[in-house]
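Text of entry.pdb, listed as PDB, N, CA and C atoms:
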ATOM      1  N   MET A   1     -21.461   1.518   0.890
ATOM      2  CA  MET A   1     -20.870   0.815  -0.217
ATOM      3  C   MET A   1     -20.426  -0.561   0.276
ATOM      4  N   ALA A   2     -20.740  -1.560  -0.482
ATOM      5  CA  ALA A   2     -20.439  -2.930  -0.103
ATOM      6  C   ALA A   2     -18.996  -3.290  -0.463
ATOM      7  N   TYR A   3     -18.448  -4.192   0.291
ATOM      8  CA  TYR A   3     -17.108  -4.693   0.025
ATOM      9  C   TYR A   3     -17.189  -5.680  -1.131
ATOM     10  N   ASN A   4     -16.343  -5.522  -2.119
ATOM     11  CA  ASN A   4     -16.367  -6.376  -3.288
ATOM     12  C   ASN A   4     -15.012  -7.074  -3.410
ATOM     13  N   ARG A   5     -14.983  -8.327  -3.032
ATOM     14  CA  ARG A   5     -13.733  -9.073  -3.021
ATOM     15  C   ARG A   5     -13.209  -9.330  -4.431
ATOM     16  N   VAL A   6     -14.112  -9.441  -5.391
ATOM     17  CA  VAL A   6     -13.690  -9.690  -6.769
ATOM     18  C   VAL A   6     -12.823  -8.534  -7.267
ATOM     19  N   ASN A   7     -13.265  -7.303  -7.017
ATOM     20  CA  ASN A   7     -12.474  -6.148  -7.456
ATOM     21  C   ASN A   7     -11.136  -6.080  -6.742
ATOM     22  N   LYS A   8     -11.116  -6.434  -5.477
ATOM     23  CA  LYS A   8      -9.865  -6.424  -4.715
ATOM     24  C   LYS A   8      -8.897  -7.458  -5.288
ATOM     25  N   LEU A   9      -9.395  -8.640  -5.618
ATOM     26  CA  LEU A   9      -8.534  -9.671  -6.196
ATOM     27  C   LEU A   9      -8.044  -9.283  -7.587
ATOM     28  N   ARG A  10      -8.880  -8.596  -8.351
ATOM     29  CA  ARG A  10      -8.441  -8.112  -9.666
ATOM     30  C   ARG A  10      -7.319  -7.089  -9.515
ATOM     31  N   MET A  11      -7.441  -6.219  -8.509
ATOM     32  CA  MET A  11      -6.386  -5.248  -8.248
ATOM     33  C   MET A  11      -5.097  -5.973  -7.849
ATOM     34  N   TYR A  12      -5.205  -6.991  -7.009
ATOM     35  CA  TYR A  12      -4.031  -7.767  -6.610
ATOM     36  C   TYR A  12      -3.368  -8.401  -7.827
ATOM     37  N   LYS A  13      -4.180  -8.904  -8.738
ATOM     38  CA  LYS A  13      -3.646  -9.539  -9.945
ATOM     39  C   LYS A  13      -2.866  -8.518 -10.779
ATOM     40  N   LYS A  14      -3.366  -7.290 -10.879
ATOM     41  CA  LYS A  14      -2.665  -6.239 -11.623
ATOM     42  C   LYS A  14      -1.365  -5.854 -10.934
ATOM     43  N   ILE A  15      -1.381  -5.822  -9.608
ATOM     44  CA  ILE A  15      -0.167  -5.487  -8.856
ATOM     45  C   ILE A  15       0.894  -6.557  -9.054
ATOM     46  N   VAL A  16       0.502  -7.813  -9.018
ATOM     47  CA  VAL A  16       1.451  -8.911  -9.239
ATOM     48  C   VAL A  16       2.000  -8.854 -10.666
ATOM     49  N   ALA A  17       1.143  -8.530 -11.639
ATOM     50  CA  ALA A  17       1.600  -8.428 -13.026
ATOM     51  C   ALA A  17       2.610  -7.292 -13.189
ATOM     52  N   LEU A  18       2.350  -6.150 -12.546
ATOM     53  CA  LEU A  18       3.299  -5.025 -12.598
ATOM     54  C   LEU A  18       4.627  -5.407 -11.956
ATOM     55  N   THR A  19       4.556  -6.124 -10.855
ATOM     56  CA  THR A  19       5.772  -6.558 -10.176
ATOM     57  C   THR A  19       6.576  -7.493 -11.061
ATOM     58  N   ASN A  20       5.898  -8.459 -11.673
ATOM     59  CA  ASN A  20       6.593  -9.407 -12.553
ATOM     60  C   ASN A  20       7.182  -8.716 -13.770
ATOM     61  N   GLU A  21       6.520  -7.683 -14.235
ATOM     62  CA  GLU A  21       7.010  -6.936 -15.401
ATOM     63  C   GLU A  21       8.304  -6.189 -15.083
ATOM     64  N   HIS A  22       8.423  -5.646 -13.881
ATOM     65  CA  HIS A  22       9.568  -4.806 -13.545
ATOM     66  C   HIS A  22      10.645  -5.514 -12.723
ATOM     67  N   TYR A  23      10.384  -6.714 -12.250
ATOM     68  CA  TYR A  23      11.372  -7.425 -11.435
ATOM     69  C   TYR A  23      12.370  -8.147 -12.341
ATOM     70  N   ASP A  24      13.624  -7.926 -12.086
ATOM     71  CA  ASP A  24      14.681  -8.593 -12.843
ATOM     72  C   ASP A  24      15.740  -9.073 -11.849
ATOM     73  N   PRO A  25      15.815 -10.379 -11.617
ATOM     74  CA  PRO A  25      16.775 -10.880 -10.619
ATOM     75  C   PRO A  25      18.230 -10.649 -11.009
ATOM     76  N   ASP A  26      18.518 -10.506 -12.300
ATOM     77  CA  ASP A  26      19.892 -10.263 -12.730
ATOM     78  C   ASP A  26      20.379  -8.867 -12.350
ATOM     79  N   VAL A  27      19.459  -7.919 -12.256
ATOM     80  CA  VAL A  27      19.822  -6.540 -11.947
ATOM     81  C   VAL A  27      19.748  -6.287 -10.441
ATOM     82  N   MET A  28      19.294  -7.258  -9.690
ATOM     83  CA  MET A  28      19.141  -7.129  -8.237
ATOM     84  C   MET A  28      18.112  -6.049  -7.890
ATOM     85  N   SER A  29      17.032  -6.009  -8.648
ATOM     86  CA  SER A  29      15.983  -5.036  -8.334
ATOM     87  C   SER A  29      15.279  -5.481  -7.060
ATOM     88  N   SER A  30      14.951  -4.524  -6.234
ATOM     89  CA  SER A  30      14.322  -4.855  -4.968
ATOM     90  C   SER A  30      12.830  -4.565  -5.039
ATOM     91  N   TYR A  31      12.087  -5.269  -4.207
ATOM     92  CA  TYR A  31      10.649  -5.041  -4.152
ATOM     93  C   TYR A  31      10.341  -3.640  -3.629
ATOM     94  N   ALA A  32      11.175  -3.119  -2.767
ATOM     95  CA  ALA A  32      10.949  -1.770  -2.244
ATOM     96  C   ALA A  32      11.031  -0.739  -3.367
ATOM     97  N   LYS A  33      11.995  -0.910  -4.248
ATOM     98  CA  LYS A  33      12.140   0.018  -5.366
ATOM     99  C   LYS A  33      10.963  -0.103  -6.336
ATOM    100  N   ILE A  34      10.528  -1.319  -6.611
ATOM    101  CA  ILE A  34       9.383  -1.532  -7.493
ATOM    102  C   ILE A  34       8.135  -0.921  -6.876
ATOM    103  N   HIS A  35       7.966  -1.112  -5.573
ATOM    104  CA  HIS A  35       6.812  -0.533  -4.885
ATOM    105  C   HIS A  35       6.840   0.985  -4.983
ATOM    106  N   ARG A  36       7.969   1.571  -4.719
ATOM    107  CA  ARG A  36       8.096   3.036  -4.705
ATOM    108  C   ARG A  36       7.905   3.647  -6.092
ATOM    109  N   LEU A  37       8.464   3.023  -7.124
ATOM    110  CA  LEU A  37       8.442   3.626  -8.456
ATOM    111  C   LEU A  37       7.210   3.278  -9.289
ATOM    112  N   TYR A  38       6.696   2.055  -9.145
ATOM    113  CA  TYR A  38       5.657   1.607 -10.063
ATOM    114  C   TYR A  38       4.316   1.281  -9.406
ATOM    115  N   ILE A  39       4.330   0.765  -8.201
ATOM    116  CA  ILE A  39       3.086   0.321  -7.577
ATOM    117  C   ILE A  39       2.409   1.460  -6.829
ATOM    118  N   TYR A  40       3.115   2.109  -5.927
ATOM    119  CA  TYR A  40       2.502   3.116  -5.063
ATOM    120  C   TYR A  40       1.867   4.294  -5.813
ATOM    121  N   PRO A  41       2.474   4.794  -6.903
ATOM    122  CA  PRO A  41       1.810   5.899  -7.609
ATOM    123  C   PRO A  41       0.457   5.513  -8.218
ATOM    124  N   VAL A  42       0.280   4.252  -8.567
ATOM    125  CA  VAL A  42      -0.969   3.814  -9.191
ATOM    126  C   VAL A  42      -1.937   3.242  -8.156
ATOM    127  N   TYR A  43      -1.429   2.378  -7.289
ATOM    128  CA  TYR A  43      -2.235   1.735  -6.248
ATOM    129  C   TYR A  43      -1.657   2.119  -4.888
ATOM    130  N   PRO A  44      -2.253   3.055  -4.188
ATOM    131  CA  PRO A  44      -1.673   3.516  -2.913
ATOM    132  C   PRO A  44      -1.840   2.497  -1.782
ATOM    133  N   VAL A  45      -0.989   1.499  -1.788
ATOM    134  CA  VAL A  45      -0.967   0.499  -0.713
ATOM    135  C   VAL A  45       0.374   0.608  -0.002
ATOM    136  N   SER A  46       0.378   0.274   1.272
ATOM    137  CA  SER A  46       1.625   0.328   2.033
ATOM    138  C   SER A  46       2.563  -0.782   1.568
ATOM    139  N   TYR A  47       3.825  -0.630   1.913
ATOM    140  CA  TYR A  47       4.816  -1.635   1.518
ATOM    141  C   TYR A  47       4.523  -2.982   2.162
ATOM    142  N   SER A  48       4.106  -2.979   3.417
ATOM    143  CA  SER A  48       3.809  -4.252   4.087
ATOM    144  C   SER A  48       2.603  -4.945   3.438
ATOM    145  N   HIS A  49       1.604  -4.168   3.052
ATOM    146  CA  HIS A  49       0.448  -4.756   2.366
ATOM    147  C   HIS A  49       0.857  -5.251   0.974
ATOM    148  N   TYR A  50       1.717  -4.511   0.314
ATOM    149  CA  TYR A  50       2.242  -4.922  -0.991
ATOM    150  C   TYR A  50       2.954  -6.270  -0.890
ATOM    151  N   MET A  51       3.745  -6.443   0.149
ATOM    152  CA  MET A  51       4.450  -7.714   0.327
ATOM    153  C   MET A  51       3.468  -8.866   0.572
ATOM    154  N   LYS A  52       2.373  -8.595   1.282
ATOM    155  CA  LYS A  52       1.346  -9.626   1.473
ATOM    156  C   LYS A  52       0.686  -9.985   0.146
ATOM    157  N   ILE A  53       0.455  -8.980  -0.687
ATOM    158  CA  ILE A  53      -0.193  -9.217  -1.980
ATOM    159  C   ILE A  53       0.672 -10.091  -2.867
ATOM    160  N   ILE A  54       1.956  -9.764  -2.996
ATOM    161  CA  ILE A  54       2.797 -10.540  -3.914
ATOM    162  C   ILE A  54       3.144 -11.918  -3.363
ATOM    163  N   SER A  55       2.957 -12.124  -2.067
ATOM    164  CA  SER A  55       3.205 -13.453  -1.517
ATOM    165  C   SER A  55       1.945 -14.316  -1.490
ATOM    166  N   THR A  56       0.819 -13.775  -1.945
ATOM    167  CA  THR A  56      -0.425 -14.547  -1.990
ATOM    168  C   THR A  56      -0.316 -15.617  -3.058
ATOM    169  N   SER A  57      -0.500 -16.844  -2.642
ATOM    170  CA  SER A  57      -0.452 -17.932  -3.609
ATOM    171  C   SER A  57      -1.852 -18.180  -4.165
ATOM    172  N   ASN A  58      -1.916 -18.848  -5.255
ATOM    173  CA  ASN A  58      -3.143 -19.224  -5.969
ATOM    174  C   ASN A  58      -4.137 -18.071  -6.125
ATOM    175  N   LEU A  59      -3.652 -16.929  -6.521
ATOM    176  CA  LEU A  59      -4.481 -15.749  -6.733
ATOM    177  C   LEU A  59      -5.475 -15.972  -7.871
ATOM    178  N   GLU A  60      -5.024 -16.635  -8.923
ATOM    179  CA  GLU A  60      -5.902 -16.928 -10.066
ATOM    180  C   GLU A  60      -7.091 -17.788  -9.637
ATOM    181  N   ARG A  61      -6.822 -18.799  -8.835
ATOM    182  CA  ARG A  61      -7.883 -19.692  -8.384
ATOM    183  C   ARG A  61      -8.878 -18.965  -7.488
ATOM    184  N   LEU A  62      -8.384 -18.122  -6.592
ATOM    185  CA  LEU A  62      -9.266 -17.349  -5.718
ATOM    186  C   LEU A  62     -10.174 -16.422  -6.521
ATOM    187  N   LEU A  63      -9.604 -15.761  -7.513
ATOM    188  CA  LEU A  63     -10.382 -14.857  -8.349
ATOM    189  C   LEU A  63     -11.435 -15.628  -9.141
ATOM    190  N   GLU A  64     -11.056 -16.761  -9.681
ATOM    191  CA  GLU A  64     -12.001 -17.579 -10.446
ATOM    192  C   GLU A  64     -13.159 -18.053  -9.572
ATOM    193  N   GLU A  65     -12.861 -18.472  -8.352
ATOM    194  CA  GLU A  65     -13.911 -18.930  -7.439
ATOM    195  C   GLU A  65     -14.869 -17.795  -7.071
ATOM    196  N   GLU A  66     -14.329 -16.605  -6.821
ATOM    197  CA  GLU A  66     -15.178 -15.465  -6.460
ATOM    198  C   GLU A  66     -16.066 -15.040  -7.624
ATOM    199  N   GLU A  67     -15.507 -15.030  -8.825
ATOM    200  CA  GLU A  67     -16.311 -14.664  -9.986
ATOM    201  C   GLU A  67     -17.404 -15.688 -10.248
ATOM    202  N   LYS A  68     -17.086 -16.945 -10.015
ATOM    203  CA  LYS A  68     -18.082 -17.997 -10.214
ATOM    204  C   LYS A  68     -19.184 -17.890  -9.161
ATOM    205  N   ALA A  69     -18.813 -17.574  -7.932
ATOM    206  CA  ALA A  69     -19.789 -17.498  -6.847
ATOM    207  C   ALA A  69     -20.712 -16.296  -6.986
ATOM    208  N   HIS A  70     -20.165 -15.166  -7.441
ATOM    209  CA  HIS A  70     -20.962 -13.943  -7.494
ATOM    210  C   HIS A  70     -21.387 -13.555  -8.897
ATOM    211  N   GLY A  71     -20.809 -14.160  -9.893
ATOM    212  CA  GLY A  71     -21.168 -13.835 -11.261
ATOM    213  C   GLY A  71     -20.724 -12.445 -11.651
ATOM    214  N   LYS A  72     -20.935 -12.126 -12.880
ATOM    215  CA  LYS A  72     -20.599 -10.788 -13.363
ATOM    216  C   LYS A  72     -21.833  -9.926 -13.224
ATOM    217  N   TRP A  73     -21.673  -8.797 -12.565
ATOM    218  CA  TRP A  73     -22.800  -7.918 -12.298
ATOM    219  C   TRP A  73     -23.084  -7.058 -13.509
ATOM    220  N   GLU A  74     -24.360  -6.996 -13.881
ATOM    221  CA  GLU A  74     -24.781  -6.127 -14.966
ATOM    222  C   GLU A  74     -25.953  -5.299 -14.477
ATOM    223  N   ASP A  75     -25.925  -4.026 -14.766
ATOM    224  CA  ASP A  75     -26.997  -3.127 -14.377
ATOM    225  C   ASP A  75     -28.095  -3.194 -15.433
ATOM    226  N   PRO A  76     -29.300  -3.640 -15.066
ATOM    227  CA  PRO A  76     -30.361  -3.742 -16.071
ATOM    228  C   PRO A  76     -30.773  -2.380 -16.634
ATOM    229  N   ALA A  77     -30.575  -1.318 -15.883
ATOM    230  CA  ALA A  77     -30.917   0.012 -16.356
ATOM    231  C   ALA A  77     -29.913   0.516 -17.390
ATOM    232  N   GLN A  78     -28.720  -0.061 -17.383
ATOM    233  CA  GLN A  78     -27.672   0.364 -18.297
ATOM    234  C   GLN A  78     -28.007  -0.014 -19.737
ATOM    235  N   GLY A  79     -28.559  -1.188 -19.914
ATOM    236  CA  GLY A  79     -28.884  -1.636 -21.269
ATOM    237  C   GLY A  79     -27.677  -2.233 -21.956
ATOM    238  N   LYS A  80     -27.926  -2.814 -23.071
ATOM    239  CA  LYS A  80     -26.851  -3.414 -23.861
ATOM    240  C   LYS A  80     -26.392  -2.435 -24.925
ATOM    241  N   LEU A  81     -25.098  -2.324 -25.074
ATOM    242  CA  LEU A  81     -24.554  -1.430 -26.087
ATOM    243  C   LEU A  81     -24.431  -2.112 -27.436
ATOM    244  N   PHE A  82     -24.141  -3.401 -27.422
ATOM    245  CA  PHE A  82     -23.948  -4.126 -28.680
ATOM    246  C   PHE A  82     -24.793  -5.358 -28.699
TER
END
Let me see the structure of the file written as structure tokens.
Amino acid sequence: MAYNRVNKLRMYKKIVALTNEHYDPDVMSSYAKIHRLYIYPVYPVSYSHYMKIISTSNLERLLEEEEKAHGKWEDPAQGKLF
């Protein structure tokens, strides 16, 4: 199975969105608690890897560049549904 960076970046984008959804600086929520309650059950990544993901800057730009470079893959055997 080939490594697909586009899918990895999409997963990172979802993790950052989940973090932003549950992080509230007024309540003093910690990243460890968010990781334990919301991220780890869905995306089994370690806490240290989680911290690297949320500290990644320009994630949108990286994802856009990868999608542009590799395009959207379509299986010709699948056919068009609509």
Which residues match the PyMOL selection byres (((chain A and resi 56-73 and name CA) around 12) and name CA) in the file above, as a list in words?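 The output of the PyMOL selection byres (((chain A and resi 56-73 and name CA) around 12) and name CA) on this file is Asn4, Arg5, Val6, Asn7, Lys8, Leu9, Arg10, Met11, Tyr12, Lys13, Lys14, Ile15, Val16, Ala17, His49, Tyr50, Met51, Lys52, Ile53, Ile54, Ser55, Glu74, Asp75, Pro76 and Gln78 of chain A.
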What residues in chain A get the DSSP label alpha helix (DSSP H)? Please answer as a PyMOL selection string. chain A and resi 5-22+31-34+47-54+59-70
Box time for stretch 2-15 of chain A: axis-aligned, enclosing all its listed atoms, 5 Å extra on each side; report centre and edge lengths in Å to one decimal, as JSON.
{"center_x": -9.9, "center_y": -5.6, "center_z": -5.7, "size_x": 31.6, "size_y": 18.1, "size_z": 21.9}
A:Arg36: which residues within 12 Å, counting only C-alpha atoms, same-chain residues fewer than 4 positions away excluded, as a list in words?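 Once the nearby chain positions are removed, what remains is Thr19, His22, Ser29, Ser30, Tyr31, Ala32, Tyr40, Pro41, Val42, Tyr43, Pro44, Val45, Ser46, Tyr47 and Tyr50 of chain A.
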Quick one, how far is atom CA of A:Asp26 from atom C of A:Ser48?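 Spanning atom CA of A:Asp26 to atom C of A:Ser48 is a straight-line distance of 24.3 Å.
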Two-atom distance - atom N of A:Pro25, atom N of A:Tyr38 (Å):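 We find that atom N of A:Pro25 and atom N of A:Tyr38 lie 15.6 Å from each other.
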